[in-house]
Every structure is written in C-alpha cells, then in structure tokens.
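For reference, protein-v8.tsv is printed below; it contains TSV, C-alpha atoms.
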```tsv
chain	number	residue	atom	x	y	z
Z	1	MET	CA	149.61	144.19	65.92
Z	2	SER	CA	150.38	147.34	64.01
Z	3	LYS	CA	148.22	148.63	61.18
Z	4	GLY	CA	145.53	146.02	61.73
Z	5	LEU	CA	142.51	145.36	63.88
Z	6	ILE	CA	141.63	142.52	66.19
Z	7	VAL	CA	138.10	141.36	65.41
Z	8	ALA	CA	136.57	139.00	67.99
Z	9	ILE	CA	133.41	137.07	67.09
Z	10	ASP	CA	131.78	134.99	69.82
Z	11	GLY	CA	128.55	133.05	70.15
Z	12	PRO	CA	127.02	129.60	70.53
Z	13	ALA	CA	127.24	126.78	67.98
Z	14	GLY	CA	125.25	127.42	64.82
Z	15	SER	CA	125.02	131.18	65.26
Z	16	GLY	CA	127.02	131.82	62.10
Z	17	LYS	CA	130.44	132.52	63.62
Z	18	SER	CA	132.60	130.41	61.34
Z	19	THR	CA	130.99	131.31	58.03
Z	20	SER	CA	130.86	135.02	58.82
Z	21	ALA	CA	134.38	135.14	60.24
Z	22	LYS	CA	135.89	133.42	57.20
Z	23	LEU	CA	134.20	135.80	54.79
Z	24	ILE	CA	135.13	138.85	56.85
Z	25	ALA	CA	138.76	137.79	57.10
Z	26	LYS	CA	138.83	137.29	53.34
Z	27	LYS	CA	137.33	140.73	52.70
Z	28	LEU	CA	139.83	142.38	55.04
Z	29	GLY	CA	142.83	140.30	54.00
Z	30	TYR	CA	143.26	139.35	57.67
Z	31	LEU	CA	144.36	136.17	59.38
Z	32	TYR	CA	141.39	133.93	60.25
Z	33	ILE	CA	141.51	131.72	63.34
Z	34	ASP	CA	138.79	129.19	64.12
Z	35	THR	CA	139.40	128.49	67.80
Z	36	GLY	CA	136.58	125.96	67.98
Z	37	ALA	CA	138.41	123.78	65.46
Z	38	MET	CA	141.38	123.65	67.82
Z	39	TYR	CA	139.26	122.30	70.67
Z	40	ARG	CA	137.63	119.88	68.27
Z	41	ALA	CA	141.06	118.58	67.24
Z	42	VAL	CA	141.97	117.89	70.87
Z	43	THR	CA	138.59	116.19	71.37
Z	44	PHE	CA	139.13	114.00	68.30
Z	45	TYR	CA	142.60	113.08	69.57
Z	46	ALA	CA	141.20	112.14	72.98
Z	47	LEU	CA	138.56	109.95	71.34
Z	48	GLN	CA	141.21	108.26	69.23
Z	49	GLU	CA	143.31	107.58	72.30
Z	50	GLY	CA	140.38	106.28	74.35
Z	51	ALA	CA	140.89	109.05	76.90
Z	52	ILE	CA	137.66	111.00	76.54
Z	53	GLU	CA	136.58	110.27	80.14
Z	54	ASN	CA	139.95	111.14	81.68
Z	55	GLU	CA	140.52	114.89	82.11
Z	56	THR	CA	144.13	114.44	83.24
Z	57	LYS	CA	144.92	112.37	80.15
Z	58	ILE	CA	143.12	114.83	77.88
Z	59	ALA	CA	145.22	117.70	79.26
Z	60	GLU	CA	148.34	115.61	78.68
Z	61	LEU	CA	147.31	114.94	75.09
Z	62	ALA	CA	146.61	118.65	74.57
Z	63	ARG	CA	150.12	119.47	75.80
Z	64	LYS	CA	151.88	117.06	73.50
Z	65	CYS	CA	149.77	117.29	70.34
Z	66	LYS	CA	150.47	119.71	67.51
Z	67	VAL	CA	147.42	121.60	66.25
Z	68	ASN	CA	147.79	123.91	63.28
Z	69	LEU	CA	145.32	125.79	61.09
Z	70	GLU	CA	145.83	126.59	57.42
Z	71	TYR	CA	143.49	128.65	55.25
Z	72	LYS	CA	143.35	127.48	51.64
Z	73	ASP	CA	140.86	128.26	48.90
Z	74	GLY	CA	138.34	129.64	51.37
Z	75	GLU	CA	138.48	126.60	53.63
Z	76	VAL	CA	140.17	126.00	56.98
Z	77	ILE	CA	142.48	122.99	56.99
Z	78	VAL	CA	142.90	121.57	60.50
Z	79	LEU	CA	146.10	119.65	61.05
Z	80	LEU	CA	146.54	117.37	64.05
Z	81	ASN	CA	150.11	116.15	64.34
Z	82	ASP	CA	150.52	117.10	60.65
Z	83	LYS	CA	147.48	115.04	59.55
Z	84	ASN	CA	144.46	116.69	57.95
Z	85	VAL	CA	141.49	116.02	60.26
Z	86	SER	CA	139.20	118.76	58.94
Z	87	ASN	CA	136.32	116.37	58.24
Z	88	GLU	CA	136.81	114.06	61.22
Z	89	ILE	CA	136.51	116.86	63.78
Z	90	ARG	CA	132.99	117.73	62.53
Z	91	SER	CA	131.52	114.32	63.38
Z	92	PRO	CA	128.52	113.88	65.71
Z	93	GLU	CA	130.80	112.05	68.16
Z	94	VAL	CA	133.14	115.03	68.41
Z	95	ASN	CA	130.12	117.34	68.72
Z	96	ALA	CA	128.89	115.30	71.66
Z	97	HIS	CA	132.14	115.68	73.61
Z	98	VAL	CA	133.80	118.95	72.55
Z	99	SER	CA	132.13	121.12	75.20
Z	100	ASP	CA	133.28	118.78	77.98
Z	101	VAL	CA	136.83	118.86	76.65
Z	102	SER	CA	136.71	122.65	76.21
Z	103	LYS	CA	135.81	123.24	79.84
Z	104	ILE	CA	139.04	121.62	81.11
Z	105	SER	CA	141.10	124.51	82.48
Z	106	GLU	CA	144.50	123.16	81.41
Z	107	VAL	CA	143.25	122.58	77.88
Z	108	ARG	CA	141.86	126.11	77.67
Z	109	LYS	CA	145.10	127.60	78.99
Z	110	LEU	CA	147.13	125.75	76.36
Z	111	MET	CA	144.81	126.68	73.50
Z	112	VAL	CA	144.56	130.36	74.52
Z	113	GLU	CA	148.35	130.63	74.55
Z	114	LYS	CA	148.50	129.09	71.09
Z	115	GLN	CA	145.73	131.36	69.78
Z	116	ARG	CA	147.51	134.48	70.98
Z	117	THR	CA	150.75	133.28	69.42
Z	118	MET	CA	149.04	132.62	66.09
Z	119	ALA	CA	147.41	136.06	66.12
Z	120	SER	CA	150.73	137.78	66.80
Z	121	GLN	CA	152.16	136.41	63.56
Z	122	GLY	CA	149.93	138.49	61.30
Z	123	THR	CA	148.75	142.05	60.83
Z	124	GLY	CA	145.06	142.04	61.57
Z	125	VAL	CA	143.11	139.02	62.74
Z	126	VAL	CA	139.53	137.74	62.79
Z	127	MET	CA	139.17	135.19	65.56
Z	128	GLU	CA	135.97	133.37	66.43
Z	129	GLY	CA	134.99	131.22	69.37
Z	130	ARG	CA	133.25	131.52	72.71
Z	131	ASP	CA	135.67	133.52	74.86
Z	132	ILE	CA	137.58	135.66	72.38
Z	133	GLY	CA	136.20	139.03	73.47
Z	134	THR	CA	136.25	138.15	77.17
Z	135	VAL	CA	139.45	136.13	77.66
Z	136	VAL	CA	141.65	135.62	74.61
Z	137	PHE	CA	141.52	139.23	73.38
Z	138	PRO	CA	139.62	141.39	75.88
Z	139	GLU	CA	141.33	144.36	74.21
Z	140	ALA	CA	139.91	143.49	70.76
Z	141	ASP	CA	139.05	146.48	68.58
Z	142	VAL	CA	135.75	144.96	67.50
Z	143	LYS	CA	133.70	142.56	69.63
Z	144	ILE	CA	130.70	140.84	68.12
Z	145	PHE	CA	128.40	138.39	69.89
Z	146	LEU	CA	126.22	136.39	67.51
Z	147	THR	CA	122.99	134.72	68.59
Z	148	ALA	CA	120.20	132.79	66.87
Z	149	SER	CA	117.20	130.75	67.94
Z	150	LEU	CA	117.79	127.11	68.86
Z	151	ASP	CA	115.53	125.92	66.03
Z	152	GLU	CA	117.42	127.96	63.45
Z	153	ARG	CA	120.80	126.80	64.74
Z	154	ALA	CA	119.65	123.17	64.66
Z	155	ASN	CA	118.41	123.54	61.09
Z	156	ARG	CA	121.73	125.02	60.01
Z	157	ARG	CA	123.68	122.19	61.61
Z	158	ALA	CA	121.34	119.58	60.10
Z	159	ASN	CA	121.90	121.06	56.64
Z	160	GLU	CA	125.65	120.83	57.15
Z	161	TYR	CA	125.35	117.10	57.89
Z	162	ILE	CA	122.99	116.52	54.96
Z	163	GLU	CA	125.40	118.24	52.59
Z	164	LYS	CA	128.07	115.79	53.74
Z	165	GLY	CA	125.77	112.83	53.15
Z	166	SER	CA	125.03	112.08	56.81
Z	167	ASN	CA	121.64	111.04	58.14
Z	168	VAL	CA	120.52	113.23	61.03
Z	169	VAL	CA	117.63	113.49	63.47
Z	170	ILE	CA	116.79	117.14	64.07
Z	171	ASP	CA	115.72	116.51	67.69
Z	172	ASP	CA	119.10	114.91	68.42
Z	173	ILE	CA	120.85	117.98	67.06
Z	174	LYS	CA	118.65	120.32	69.10
Z	175	ASN	CA	119.38	118.32	72.25
Z	176	ASN	CA	123.10	118.37	71.54
Z	177	LEU	CA	123.13	122.13	70.94
Z	178	SER	CA	121.08	122.79	74.06
Z	179	THR	CA	123.42	120.64	76.16
Z	180	ARG	CA	126.47	122.36	74.70
Z	181	ASP	CA	124.94	125.78	75.42
Z	182	THR	CA	124.46	124.81	79.06
Z	183	ILE	CA	127.98	123.41	79.47
Z	184	ASP	CA	129.64	126.30	77.63
Z	185	SER	CA	127.75	128.97	79.53
Z	186	SER	CA	128.12	127.44	83.00
Z	187	ARG	CA	131.72	126.24	83.00
Z	188	ASN	CA	133.98	127.84	85.61
Z	189	ASP	CA	136.81	128.65	83.21
Z	190	SER	CA	136.09	131.14	80.41
Z	191	PRO	CA	132.36	130.57	80.04
Z	192	LEU	CA	130.45	131.56	76.92
Z	193	THR	CA	129.22	135.04	77.73
Z	194	LYS	CA	128.75	138.34	75.96
Z	195	ALA	CA	131.46	140.87	76.74
Z	196	ALA	CA	130.06	144.06	78.26
Z	197	ASP	CA	131.24	146.09	75.26
Z	198	ALA	CA	130.33	143.53	72.58
Z	199	ILE	CA	127.72	144.26	69.92
Z	200	GLU	CA	125.02	141.58	69.84
Z	201	VAL	CA	123.70	140.51	66.46
Z	202	ASP	CA	120.74	138.12	66.21
Z	203	THR	CA	121.30	136.13	63.00
Z	204	THR	CA	118.07	134.10	63.12
Z	205	SER	CA	116.53	135.95	60.19
Z	206	LEU	CA	119.71	137.24	58.57
Z	207	SER	CA	121.39	135.89	55.47
Z	208	ILE	CA	125.14	135.34	55.58
Z	209	GLU	CA	125.60	138.43	53.41
Z	210	GLU	CA	123.57	140.50	55.87
Z	211	GLN	CA	125.58	139.17	58.82
Z	212	VAL	CA	128.84	140.01	57.11
Z	213	ASP	CA	127.70	143.50	56.12
Z	214	ARG	CA	126.56	144.20	59.69
Z	215	ILE	CA	129.91	143.21	61.14
Z	216	ILE	CA	131.93	144.95	58.44
Z	217	SER	CA	130.11	148.18	59.29
Z	218	GLU	CA	131.42	147.91	62.86
Z	219	VAL	CA	134.91	147.12	61.60
Z	220	LYS	CA	134.85	150.25	59.46
Z	221	LYS	CA	133.88	152.36	62.49
Z	222	ALA	CA	136.75	150.91	64.53
Z	223	ALA	CA	139.21	151.47	61.68
Z	224	ASP	CA	138.16	155.11	61.37
Z	225	LYS	CA	138.71	155.65	65.10
Z	226	LYS	CA	142.24	154.25	64.89
Z	227	ASP	CA	142.97	155.90	61.52
Z	228	ILE	CA	143.53	152.52	59.91
Z	229	GLN	CA	142.89	152.25	56.19
Z	230	LEU	CA	140.99	149.15	55.15
Z	231	LYS	CA	141.40	147.59	51.72
Z	232	LEU	CA	138.21	145.60	51.35
Z	233	LYS	CA	138.16	142.82	48.79
Z	234	LYS	CA	135.02	141.67	47.00
```

Would you mind writing the file's structure down as structure tokens?
Amino acid sequence: MSKGLIVAIDGPAGSGKSTSAKLIAKKLGYLYIDTGAMYRAVTFYALQEGAIENETKIAELARKCKVNLEYKDGEVIVLLNDKNVSNEIRSPEVNAHVSDVSKISEVRKLMVEKQRTMASQGTGVVMEGRDIGTVVFPEADVKIFLTASLDERANRRANEYIEKGSNVVIDDIKNNLSTRDTIDSSRNDSPLTKAADAIEVDTTSLSIEEQVDRIISEVKKAADKKDIQLKLKK
C-alpha cells in the first residue's frame, strides 16, 4: 500500500482494541478492519445452521458465506450474506463459541485471505484482532499489543451489555473471558501472542483518549521513518 501505513492492533477481548482502532482509523483517514467481527459472523452463521459442534460444517459455511464490513457514522456494519448482523454477533451465545470457531484452521485461512484482500483496497489500514502483527500482517509498520486486567476487561464488557439493555452476571463474563484467553492463546493455528517487535500497552488504567494518543504517537514515529505525511483529523 503506497503512501499509507499498516497499523496492527492485537490483544485479548476487552483490552480496548475495537474502540481504539476505530478512533485511530478515523483520525488517520484510514480503512478500519475489525477482524474479530468476521469470526463472530461465521460463528453466528454456524449457530443459525445448527452446526456449531461440527468443525467440517463450520469450515464449509465459512467458505460459502459472504462477510463484508462497512464503516458508517463511526460504527462498523457487519453484513452476513448481505444482512446486517451487527447486533446479533455481539450476543453472549456468540461470545461463548467464537474462540472455538476461530481456532479452526480452515476458517482462519479463509478469513486471513479476505482480510488481506480488504486491506489491499485502501491506502493505509488499521486492523485489529489477535494475530494481525504475527500472521495477517507480520510486516506491519506499527504493531501494538493491548492488555488489561481480567477484572477491568470484564467490567468493560458488562457495561457494553448493560448499555444494550441486557442483564449480565459479572462472574459469568469473567469466566467467559478467561476461557477465551486460554483457547486463543493455546490454539495451534495463529495463537494470540505478542509479536516480538510489538509495543505493549496496558490499558487497565488508561482512558480511551489516552490509549489513542499513545498509539498515535507510535504511528507518527513510523510515518516519520517512512517519510509519510499524516493528515490527522480531530
């Protein structure tokens, strides 16, 4: 991608990846890609089709389904076979199964190919997930690995549910996050891990504005090295 940077933001659920990445992409005028939403869409599809326990069937569904992301008015619109499923893919049921679906090698291969294709269509990209800096774009200009305490991540996720009018039990959320951390970090294919050259940022005590400023400072350094002029928006 000429005249633009590849910004990879990785980390576990609730570490602030999505919120930070969206704001950073907006500031830079870059393409924003939420890779986790793509795996969630496949998970939702598998649940709909009653195939959540069948890895072969899930891979087949991943091959034939159409997953697209649109960014409108500061929000990511997730389209599954041309239907908006942005709300459905954030359900507790999808949360409970997305890590198991994400660890299926064929599913990851298909999604990584699609992610690289999407990124190639723009000039400059901010992509967030769990294997962006290690697998999808190991050559990324900026690699950030976000972390936060389990308690803080659980509180953030609980607040998201409450804002949507859902009743939640904080211990259930903590257990789900802990299980997902274990699955994501121990899977054989593209595990969640910090790239050797990634910059780790603990967001436990940081506001969103502080997270964004911290990452933007690294983007500016990378742009200077490559003599790329950034046009930051407010």

>> Between CA of Met118 (chain Z) and CA of Glu70 (chain Z), what distance in Å does the model show, to one decimal?
In response: 11.0 Å

List every residue of region 15-99 of chain Z that has an atom at most 12 Å from any atom of region 144-153 of chain Z, and for each one report the closest atom pair and its distance in Å to one decimal, counting all atoms listed in the file, with rows sorted by chain and then by increasing residue number, as a Markdown table.
```
| residue | atom | partner | partner_atom | distance |
| --- | --- | --- | --- | --- |
| Z:Ser15 | CA | Z:Thr147 | CA | 5.3 |
| Z:Gly16 | CA | Z:Leu146 | CA | 7.1 |
| Z:Lys17 | CA | Z:Leu146 | CA | 6.9 |
| Z:Ser18 | CA | Z:Leu146 | CA | 10.7 |
| Z:Thr19 | CA | Z:Leu146 | CA | 11.8 |
| Z:Ser20 | CA | Z:Leu146 | CA | 9.9 |
| Z:Ala21 | CA | Z:Ile144 | CA | 10.4 |
```

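Nearest to Lys72 (chain Z) of all the residues Z:Lys26, Z:Ala8, Z:Ala51, Z:Asn155 is Z:Lys26, counting only C-alpha atoms.
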
> Val136 (chain Z): which residues within 8 Å, counting only C-alpha atoms, same-chain residues fewer than 3 positions away excluded, as a PyMOL selection string?
Replying inline: chain Z and resi 112+115-116+131-133

>> Quick check, in Å to one decimal: how far apart do CA of Leu47 (chain Z) and CA of Ile9 (chain Z) lie?
In response: 27.9 Å

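Coordinates place CA of Gly11 (chain Z) at a distance of 12.7 Å from CA of Thr204 (chain Z).
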
Give one line per residue of region 141-196 of chain Z that approaches region 93-103 of chain Z to at most 12 Å, naming the two atoms of the closest pair and their distance in Å to one decimal, counting all atoms listed in the file; sort by chain then ascending residue number and deliver it as a tab-separated table.
```
residue	atom	partner	partner_atom	distance
Z:Arg157	CA	Z:Asn95	CA	10.7
Z:Tyr161	CA	Z:Asn95	CA	11.8
Z:Asp172	CA	Z:Ala96	CA	10.3
Z:Ile173	CA	Z:Asn95	CA	9.4
Z:Lys174	CA	Z:Ala96	CA	11.7
Z:Asn175	CA	Z:Ala96	CA	10.0
Z:Asn176	CA	Z:Ala96	CA	6.6
Z:Leu177	CA	Z:Asn95	CA	8.8
Z:Ser178	CA	Z:Ala96	CA	11.1
Z:Thr179	CA	Z:Ser99	CA	8.8
Z:Arg180	CA	Z:Ser99	CA	5.8
Z:Asp181	CA	Z:Ser99	CA	8.6
Z:Thr182	CA	Z:Ser99	CA	9.3
Z:Ile183	CA	Z:Ser99	CA	6.4
Z:Asp184	CA	Z:Ser99	CA	6.2
Z:Ser185	CA	Z:Lys103	CA	9.9
Z:Ser186	CA	Z:Lys103	CA	9.3
Z:Arg187	CA	Z:Lys103	CA	6.0
Z:Asn188	CA	Z:Lys103	CA	7.6
Z:Asp189	CA	Z:Lys103	CA	6.5
Z:Ser190	CA	Z:Lys103	CA	7.9
Z:Pro191	CA	Z:Lys103	CA	8.1
Z:Leu192	CA	Z:Lys103	CA	10.3
```

> Quick one: of Z:Lys234, Z:Gly124, Z:Ser217, Z:Cys65, who's nearest to Glu49 (chain Z), counting only C-alpha atoms?
Replying inline: Z:Cys65

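Among the candidates Z:Ile104, Z:Ile24, Z:Val135, Z:Val78, the one nearest to Lys194 (chain Z) when counting all atoms listed in the file is Z:Val135.
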
Do a neighbour search on Leu232 (chain Z) at 8 Å with only C-alpha atoms, toss out local chain neighbours closer than 6 positions, and write the hits as an mmCIF file with C-alpha atoms, in the frame of the given file.
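Full text of out_5.cif as output:
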```
data_model
loop_
_atom_site.group_PDB
_atom_site.id
_atom_site.type_symbol
_atom_site.label_atom_id
_atom_site.label_comp_id
_atom_site.auth_asym_id
_atom_site.auth_seq_id
_atom_site.Cartn_x
_atom_site.Cartn_y
_atom_site.Cartn_z
ATOM 1 C CA LYS Z 27 137.330 140.730 52.700
ATOM 2 C CA LEU Z 28 139.830 142.380 55.040
ATOM 3 C CA GLY Z 29 142.830 140.300 54.000
#
```

N, CA, C and O atoms are needed for region 54-66 of chain Z; please write them out as a PDB file, in the frame of the given file.
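The resulting file, result15.pdb, is shown below:
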```pdb
ATOM      1  N   ASN Z  54     138.843 110.878  80.751  1.00  0.00           N
ATOM      2  CA  ASN Z  54     139.950 111.140  81.680  1.00  0.00           C
ATOM      3  C   ASN Z  54     140.496 112.547  81.457  1.00  0.00           C
ATOM      4  O   ASN Z  54     141.276 112.783  80.535  1.00  0.00           O
ATOM      5  N   GLU Z  55     140.103 113.502  82.309  1.00  0.00           N
ATOM      6  CA  GLU Z  55     140.520 114.890  82.110  1.00  0.00           C
ATOM      7  C   GLU Z  55     142.030 115.072  82.195  1.00  0.00           C
ATOM      8  O   GLU Z  55     142.607 115.871  81.457  1.00  0.00           O
ATOM      9  N   THR Z  56     142.672 114.341  83.097  1.00  0.00           N
ATOM     10  CA  THR Z  56     144.130 114.440  83.240  1.00  0.00           C
ATOM     11  C   THR Z  56     144.816 113.990  81.956  1.00  0.00           C
ATOM     12  O   THR Z  56     145.763 114.631  81.474  1.00  0.00           O
ATOM     13  N   LYS Z  57     144.344 112.896  81.393  1.00  0.00           N
ATOM     14  CA  LYS Z  57     144.920 112.370  80.150  1.00  0.00           C
ATOM     15  C   LYS Z  57     144.653 113.310  78.984  1.00  0.00           C
ATOM     16  O   LYS Z  57     145.522 113.525  78.133  1.00  0.00           O
ATOM     17  N   ILE Z  58     143.450 113.888  78.954  1.00  0.00           N
ATOM     18  CA  ILE Z  58     143.120 114.830  77.880  1.00  0.00           C
ATOM     19  C   ILE Z  58     144.053 116.034  77.918  1.00  0.00           C
ATOM     20  O   ILE Z  58     144.558 116.490  76.885  1.00  0.00           O
ATOM     21  N   ALA Z  59     144.306 116.562  79.117  1.00  0.00           N
ATOM     22  CA  ALA Z  59     145.220 117.700  79.260  1.00  0.00           C
ATOM     23  C   ALA Z  59     146.617 117.326  78.802  1.00  0.00           C
ATOM     24  O   ALA Z  59     147.315 118.121  78.160  1.00  0.00           O
ATOM     25  N   GLU Z  60     147.023 116.096  79.105  1.00  0.00           N
ATOM     26  CA  GLU Z  60     148.340 115.610  78.680  1.00  0.00           C
ATOM     27  C   GLU Z  60     148.420 115.530  77.162  1.00  0.00           C
ATOM     28  O   GLU Z  60     149.424 115.928  76.552  1.00  0.00           O
ATOM     29  N   LEU Z  61     147.352 115.028  76.546  1.00  0.00           N
ATOM     30  CA  LEU Z  61     147.310 114.940  75.090  1.00  0.00           C
ATOM     31  C   LEU Z  61     147.345 116.334  74.465  1.00  0.00           C
ATOM     32  O   LEU Z  61     147.997 116.552  73.445  1.00  0.00           O
ATOM     33  N   ALA Z  62     146.635 117.277  75.078  1.00  0.00           N
ATOM     34  CA  ALA Z  62     146.610 118.650  74.570  1.00  0.00           C
ATOM     35  C   ALA Z  62     148.000 119.276  74.619  1.00  0.00           C
ATOM     36  O   ALA Z  62     148.370 120.063  73.740  1.00  0.00           O
ATOM     37  N   ARG Z  63     148.755 118.930  75.662  1.00  0.00           N
ATOM     38  CA  ARG Z  63     150.120 119.470  75.800  1.00  0.00           C
ATOM     39  C   ARG Z  63     151.043 118.940  74.715  1.00  0.00           C
ATOM     40  O   ARG Z  63     151.881 119.669  74.187  1.00  0.00           O
ATOM     41  N   LYS Z  64     150.900 117.669  74.403  1.00  0.00           N
ATOM     42  CA  LYS Z  64     151.880 117.060  73.500  1.00  0.00           C
ATOM     43  C   LYS Z  64     151.476 117.085  72.030  1.00  0.00           C
ATOM     44  O   LYS Z  64     152.328 116.913  71.150  1.00  0.00           O
ATOM     45  N   CYS Z  65     150.183 117.317  71.742  1.00  0.00           N
ATOM     46  CA  CYS Z  65     149.770 117.290  70.340  1.00  0.00           C
ATOM     47  C   CYS Z  65     150.098 118.601  69.637  1.00  0.00           C
ATOM     48  O   CYS Z  65     150.236 119.647  70.267  1.00  0.00           O
ATOM     49  N   LYS Z  66     150.189 118.527  68.326  1.00  0.00           N
ATOM     50  CA  LYS Z  66     150.470 119.710  67.510  1.00  0.00           C
ATOM     51  C   LYS Z  66     149.219 120.023  66.693  1.00  0.00           C
ATOM     52  O   LYS Z  66     148.781 119.198  65.877  1.00  0.00           O
TER      53      LYS Z  66
END
```
